[in-house]
file upload.pdb (PDB, C-alpha atoms)
ATOM      1  CA  MET A   1       6.048 -30.499 -99.803
ATOM      2  CA  ALA A   2       3.427 -32.583-101.589
ATOM      3  CA  PRO A   3       1.593 -35.229 -99.546
ATOM      4  CA  GLU A   4       2.530 -38.832-100.213
ATOM      5  CA  TYR A   5      -0.141 -41.290-101.206
ATOM      6  CA  ASP A   6      -0.018 -45.031-101.030
ATOM      7  CA  ILE A   7      -3.114 -46.087-102.952
ATOM      8  CA  LEU A   8      -3.688 -49.104-105.164
ATOM      9  CA  VAL A   9      -5.680 -48.230-108.297
ATOM     10  CA  LEU A  10      -7.882 -50.951-109.795
ATOM     11  CA  SER A  11      -9.103 -50.159-113.283
ATOM     12  CA  GLN A  12     -11.197 -51.981-115.833
ATOM     13  CA  CYS A  13     -11.168 -52.008-119.589
ATOM     14  CA  ILE A  14     -13.785 -53.156-122.023
ATOM     15  CA  LYS A  15     -12.263 -56.301-123.375
ATOM     16  CA  THR A  16     -12.927 -59.831-124.358
ATOM     17  CA  VAL A  17     -12.993 -61.810-121.144
ATOM     18  CA  PRO A  18     -11.044 -65.055-121.508
ATOM     19  CA  GLU A  19     -12.894 -68.259-120.789
ATOM     20  CA  ARG A  20     -12.621 -69.030-117.098
ATOM     21  CA  LYS A  21     -14.114 -71.863-115.128
ATOM     22  CA  CYS A  22     -15.987 -71.497-111.865
ATOM     23  CA  PRO A  23     -14.359 -73.515-109.067
ATOM     24  CA  MET A  24     -17.636 -75.034-107.876
ATOM     25  CA  GLU A  25     -19.070 -77.952-109.863
ATOM     26  CA  THR A  26     -22.609 -77.176-108.713
ATOM     27  CA  MET A  27     -22.507 -73.772-110.387
ATOM     28  CA  ASN A  28     -22.423 -74.884-114.025
ATOM     29  CA  VAL A  29     -25.251 -72.513-114.916
ATOM     30  CA  PHE A  30     -23.011 -69.559-114.035
ATOM     31  CA  GLU A  31     -19.749 -70.753-115.644
ATOM     32  CA  GLU A  32     -20.174 -68.973-118.959
ATOM     33  CA  ASN A  33     -21.064 -65.683-117.279
ATOM     34  CA  PHE A  34     -19.063 -65.234-114.062
ATOM     35  CA  ASP A  35     -15.959 -66.165-112.133
ATOM     36  CA  ILE A  36     -14.690 -64.899-108.804
ATOM     37  CA  ARG A  37     -11.301 -64.633-107.134
ATOM     38  CA  LYS A  38     -10.102 -63.036-103.917
ATOM     39  CA  ILE A  39      -7.652 -60.172-104.423
ATOM     40  CA  PHE A  40      -7.484 -58.948-100.799
ATOM     41  CA  PRO A  41      -8.820 -60.396 -97.515
ATOM     42  CA  THR A  42     -12.227 -58.642 -97.857
ATOM     43  CA  THR A  43     -12.256 -57.858-101.593
ATOM     44  CA  TRP A  44     -13.025 -60.074-104.580
ATOM     45  CA  VAL A  45     -13.046 -59.434-108.319
ATOM     46  CA  ILE A  46     -15.909 -60.997-110.255
ATOM     47  CA  GLY A  47     -15.260 -61.394-113.951
ATOM     48  CA  THR A  48     -18.448 -61.035-115.965
ATOM     49  CA  LYS A  49     -19.104 -61.439-119.633
ATOM     50  CA  TYR A  50     -21.982 -61.507-122.010
ATOM     51  CA  PRO A  51     -21.442 -64.627-124.123
ATOM     52  CA  ALA A  52     -22.886 -63.222-127.364
ATOM     53  CA  THR A  53     -20.512 -60.236-127.433
ATOM     54  CA  PRO A  54     -16.884 -59.389-126.689
ATOM     55  CA  TRP A  55     -18.041 -57.130-123.816
ATOM     56  CA  GLY A  56     -17.039 -57.867-120.281
ATOM     57  CA  CYS A  57     -16.710 -56.109-116.966
ATOM     58  CA  ASP A  58     -14.791 -56.739-113.782
ATOM     59  CA  CYS A  59     -16.961 -56.135-110.744
ATOM     60  CA  TYR A  60     -15.625 -55.817-107.220
ATOM     61  CA  LEU A  61     -17.244 -57.304-104.123
ATOM     62  CA  LEU A  62     -16.385 -55.396-100.949
ATOM     63  CA  GLU A  63     -17.070 -57.006 -97.590
ATOM     64  CA  GLY A  64     -17.759 -54.668 -94.689
ATOM     65  CA  ASP A  65     -18.407 -55.343 -91.014
ATOM     66  CA  ASP A  66     -21.928 -56.707 -91.490
ATOM     67  CA  SER A  67     -22.723 -56.527 -95.211
ATOM     68  CA  CYS A  68     -21.236 -56.390 -98.703
ATOM     69  CA  MET A  69     -21.396 -53.941-101.592
ATOM     70  CA  LEU A  70     -20.683 -54.566-105.265
ATOM     71  CA  ILE A  71     -18.895 -52.095-107.524
ATOM     72  CA  ASP A  72     -20.519 -52.478-110.976
ATOM     73  CA  SER A  73     -22.922 -55.300-111.816
ATOM     74  CA  GLY A  74     -22.010 -56.445-115.335
ATOM     75  CA  MET A  75     -24.633 -57.173-117.966
ATOM     76  CA  SER A  76     -25.251 -60.888-117.725
ATOM     77  CA  LYS A  77     -28.881 -61.910-118.000
ATOM     78  CA  LEU A  78     -28.201 -64.208-115.054
ATOM     79  CA  ASN A  79     -28.601 -62.837-111.548
ATOM     80  CA  ILE A  80     -25.154 -61.779-110.280
ATOM     81  CA  HIS A  81     -26.581 -61.374-106.769
ATOM     82  CA  ASP A  82     -27.599 -65.070-106.754
ATOM     83  CA  TYR A  83     -24.167 -65.986-108.113
ATOM     84  CA  ILE A  84     -22.408 -64.220-105.233
ATOM     85  CA  ARG A  85     -24.596 -66.030-102.682
ATOM     86  CA  ALA A  86     -24.028 -69.378-104.414
ATOM     87  CA  THR A  87     -20.234 -69.015-104.286
ATOM     88  CA  GLY A  88     -20.273 -68.925-100.492
ATOM     89  CA  VAL A  89     -17.311 -66.507-100.418
ATOM     90  CA  THR A  90     -19.108 -64.521 -97.711
ATOM     91  CA  ASP A  91     -22.071 -65.111 -95.442
ATOM     92  CA  LYS A  92     -22.841 -61.384 -95.310
ATOM     93  CA  PRO A  93     -25.680 -59.997 -97.439
ATOM     94  CA  VAL A  94     -24.885 -57.936-100.537
ATOM     95  CA  VAL A  95     -27.013 -54.867 -99.883
ATOM     96  CA  ALA A  96     -26.044 -52.456-102.654
ATOM     97  CA  VAL A  97     -24.225 -51.804-105.905
ATOM     98  CA  ILE A  98     -22.396 -48.646-106.948
ATOM     99  CA  ASN A  99     -21.612 -47.975-110.602
ATOM    100  CA  THR A 100     -18.350 -46.476-111.844
ATOM    101  CA  HIS A 101     -20.249 -45.163-114.864
ATOM    102  CA  SER A 102     -23.487 -45.616-116.762
ATOM    103  CA  HIS A 103     -22.608 -47.969-119.629
ATOM    104  CA  PHE A 104     -24.830 -51.034-119.636
ATOM    105  CA  ASP A 105     -21.969 -53.547-119.386
ATOM    106  CA  HIS A 106     -21.466 -52.117-115.867
ATOM    107  CA  THR A 107     -25.137 -51.573-114.905
ATOM    108  CA  GLY A 108     -27.142 -54.448-116.412
ATOM    109  CA  GLY A 109     -27.387 -56.360-113.116
ATOM    110  CA  ASN A 110     -28.362 -53.354-110.982
ATOM    111  CA  GLY A 111     -31.975 -54.455-110.641
ATOM    112  CA  TYR A 112     -30.934 -57.476-108.592
ATOM    113  CA  PHE A 113     -29.916 -55.206-105.694
ATOM    114  CA  SER A 114     -32.046 -53.270-103.209
ATOM    115  CA  LYS A 115     -29.922 -50.122-103.421
ATOM    116  CA  VAL A 116     -28.119 -48.664-106.453
ATOM    117  CA  TYR A 117     -25.666 -45.746-106.203
ATOM    118  CA  MET A 118     -24.687 -43.810-109.313
ATOM    119  CA  ASN A 119     -23.843 -40.384-110.661
ATOM    120  CA  PRO A 120     -27.382 -39.223-111.571
ATOM    121  CA  ILE A 121     -26.429 -37.860-114.991
ATOM    122  CA  GLY A 122     -25.991 -41.463-116.127
ATOM    123  CA  GLU A 123     -29.424 -42.818-115.171
ATOM    124  CA  LYS A 124     -30.900 -43.007-118.690
ATOM    125  CA  GLY A 125     -27.885 -44.782-120.188
ATOM    126  CA  ALA A 126     -27.696 -47.168-117.254
ATOM    127  CA  LYS A 127     -31.093 -48.602-118.158
ATOM    128  CA  THR A 128     -30.475 -48.941-121.905
ATOM    129  CA  PRO A 129     -29.213 -52.384-122.992
ATOM    130  CA  PHE A 130     -26.749 -52.334-125.868
ATOM    131  CA  ASP A 131     -29.032 -54.602-127.917
ATOM    132  CA  GLY A 132     -32.161 -52.614-126.993
ATOM    133  CA  ASN A 133     -33.850 -55.696-125.480
ATOM    134  CA  LYS A 134     -35.110 -54.509-122.089
ATOM    135  CA  GLU A 135     -37.221 -57.641-121.461
ATOM    136  CA  ASP A 136     -34.304 -59.670-120.139
ATOM    137  CA  TYR A 137     -33.193 -57.260-117.406
ATOM    138  CA  PRO A 138     -34.747 -55.951-114.172
ATOM    139  CA  LEU A 139     -34.661 -52.210-114.884
ATOM    140  CA  ASP A 140     -37.264 -50.892-112.444
ATOM    141  CA  TYR A 141     -34.748 -49.891-109.788
ATOM    142  CA  GLU A 142     -34.291 -46.414-108.332
ATOM    143  CA  ILE A 143     -30.957 -44.637-108.215
ATOM    144  CA  THR A 144     -29.449 -43.118-105.109
ATOM    145  CA  PRO A 145     -27.378 -40.236-106.467
ATOM    146  CA  VAL A 146     -23.727 -39.746-105.547
ATOM    147  CA  HIS A 147     -21.635 -36.665-106.212
ATOM    148  CA  ASP A 148     -18.046 -35.523-105.966
ATOM    149  CA  GLY A 149     -16.857 -35.567-102.355
ATOM    150  CA  ASP A 150     -19.685 -37.770-101.032
ATOM    151  CA  ILE A 151     -18.695 -40.444 -98.548
ATOM    152  CA  ILE A 152     -20.833 -43.559 -98.386
ATOM    153  CA  ASP A 153     -20.602 -44.932 -94.868
ATOM    154  CA  PHE A 154     -20.660 -48.570 -95.877
ATOM    155  CA  ALA A 155     -20.436 -51.125 -93.046
ATOM    156  CA  GLY A 156     -17.259 -49.722 -91.476
ATOM    157  CA  ARG A 157     -15.613 -49.331 -94.873
ATOM    158  CA  PRO A 158     -16.157 -45.700 -95.970
ATOM    159  CA  LEU A 159     -16.119 -45.040 -99.722
ATOM    160  CA  LYS A 160     -15.332 -41.579-101.101
ATOM    161  CA  ILE A 161     -16.692 -40.514-104.488
ATOM    162  CA  PHE A 162     -14.712 -38.561-107.079
ATOM    163  CA  GLU A 163     -16.452 -37.341-110.246
ATOM    164  CA  ILE A 164     -13.885 -37.866-112.979
ATOM    165  CA  GLY A 165     -15.918 -37.549-116.201
ATOM    166  CA  ALA A 166     -13.393 -39.757-117.945
ATOM    167  CA  HIS A 167     -14.848 -42.652-119.935
ATOM    168  CA  CYS A 168     -18.252 -40.917-119.960
ATOM    169  CA  ASP A 169     -19.790 -37.887-118.273
ATOM    170  CA  ALA A 170     -21.164 -40.041-115.446
ATOM    171  CA  SER A 171     -17.774 -41.617-114.586
ATOM    172  CA  ILE A 172     -16.779 -41.710-110.935
ATOM    173  CA  ALA A 173     -13.856 -43.164-109.041
ATOM    174  CA  ILE A 174     -14.523 -44.816-105.689
ATOM    175  CA  LEU A 175     -11.880 -44.626-102.974
ATOM    176  CA  ASP A 176     -12.002 -47.259-100.258
ATOM    177  CA  ILE A 177     -10.581 -44.927 -97.612
ATOM    178  CA  LYS A 178      -9.477 -47.536 -95.056
ATOM    179  CA  LYS A 179      -8.095 -50.092 -97.506
ATOM    180  CA  ARG A 180      -6.599 -47.351 -99.729
ATOM    181  CA  ILE A 181      -7.923 -48.855-102.955
ATOM    182  CA  LEU A 182      -9.214 -46.666-105.780
ATOM    183  CA  PHE A 183     -11.749 -48.248-108.166
ATOM    184  CA  THR A 184     -11.968 -46.376-111.473
ATOM    185  CA  GLY A 185     -14.022 -48.356-113.977
ATOM    186  CA  ASP A 186     -13.186 -48.068-117.668
TER     187      ASP A 186
END

call {"tool": "encode", "arguments": {"input": "upload.pdb", "output": "structure tokens"}}
result
Amino acid sequence: MAPEYDILVLSQCIKTVPERKCPMETMNVFEENFDIRKIFPTTWVIGTKYPATPWGCDCYLLEGDDSCMLIDSGMSKLNIHDYIRATGVTDKPVVAVINTHSHFDHTGGNGYFSKVYMNPIGEKGAKTPFDGNKEDYPLDYEITPVHDGDIIDFAGRPLKIFEIGAHCDASIAILDIKKRILFTGD
């Protein structure tokens, strides 16, 4: 008898992100680049886009017992870490980002975080902007490698890594074990 699974899968696609307005008037500087909405009690989706292109990425903010982690960081030239703090959705610090894969629309904001998790085979691509202009992004971050079967013990919310090699060789899926949510990227 096969085991039964009850897991919600959240996936992203490269797409044109529709224009969305930020709910806070004081955040006008962020409006063209980000929006945020709660999808579960301790999980938010942050829509990101790069205004000059049709590229966009949904990032996921996970709140743990004493800190938060972001899944993917988009490629806005604005600081997504500052945006999260400015929204006030959580008073817990965002201490890390983990990338579902190495394409720059998912990794461009990595340098705003003190810890970056990623499949190590994607490191070079993760630091290569689509337009080649590296001046506008903080790219001097180090990568903490993750591999198939690893479990990141994140603030009481363990995350299991699955190498899936789907959208690119560095693709991983991230299973939030307790919440039973699987984040897959593109």

call {"tool": "resolve_selection", "arguments": {"input": "upload.pdb", "expression": "the PyMOL selection byres ((chain A and resi 142) around 8)", "output": "ChimeraX atom specification"}}
result
/A:115-116,140-141,143-144

call {"tool": "resolve_selection", "arguments": {"input": "upload.pdb", "expression": "the PyMOL selection byres ((chain A and resi 70-74) around 8)", "output": "NGL selection string"}}
result
:A and (48-49 or 56-62 or 68-69 or 75-76 or 80 or 94 or 96-100 or 104-110)

call {"tool": "residues_around", "arguments": {"input": "upload.pdb", "residues": "Ile36 in chain A", "least_positions_apart": "4", "cutoff": "9 Å", "atoms": "all atoms listed in the file", "output": "MDAnalysis selection string"}}
result
chainID A and resid 22:23 44:48 84 87 89

call {"tool": "atom_distance", "arguments": {"input": "upload.pdb", "atom1": "CA of Asp66 in chain A", "atom2": "CA of Pro93 in chain A"}}
result
7.8 Å

call {"tool": "closest_residue", "arguments": {"input": "upload.pdb", "among": "A:Phe30, A:Arg180, A:His101, A:Ala173", "to": "Asp82 in chain A", "atoms": "only C-alpha atoms"}}
result
A:Phe30

call {"tool": "resolve_selection", "arguments": {"input": "upload.pdb", "expression": "the PyMOL selection byres ((chain A and resi 161) around 7)", "output": "ChimeraX atom specification"}}
result
/A:147-151,159-160,162-163,172-175

call {"tool": "closest_residue", "arguments": {"input": "upload.pdb", "among": "A:Asp153, A:Glu63, A:Glu32, A:Asp169", "to": "Gly125 in chain A", "atoms": "all atoms listed in the file"}}
result
A:Asp169

call {"tool": "atom_distance", "arguments": {"input": "upload.pdb", "atom1": "CA of Thr128 in chain A", "atom2": "CA of Gly165 in chain A"}}
result
19.3 Å

call {"tool": "atom_distance", "arguments": {"input": "upload.pdb", "atom1": "CA of Phe34 in chain A", "atom2": "CA of Thr90 in chain A"}}
result
16.4 Å

call {"tool": "closest_residue", "arguments": {"input": "upload.pdb", "among": "A:Ile177, A:His81, A:Tyr112, A:Ala155", "to": "Pro138 in chain A", "atoms": "only C-alpha atoms"}}
result
A:Tyr112

call {"tool": "closest_residue", "arguments": {"input": "upload.pdb", "among": "A:Asp176, A:Tyr117, A:Tyr83, A:Pro145", "to": "Thr43 in chain A", "atoms": "only C-alpha atoms"}}
result
A:Asp176

call {"tool": "axis_aligned_box", "arguments": {"input": "upload.pdb", "around": "range 170-175 of chain A", "padding_each_side": "3 Å", "output": "JSON"}}
result
{"center_x": -16.5, "center_y": -42.4, "center_z": -109.2, "size_x": 15.3, "size_y": 10.8, "size_z": 18.5}

call {"tool": "closest_residue", "arguments": {"input": "upload.pdb", "among": "A:Thr184, A:Ser171, A:Ile152, A:Ser67", "to": "Glu123 in chain A", "atoms": "all atoms listed in the file"}}
result
A:Ser171
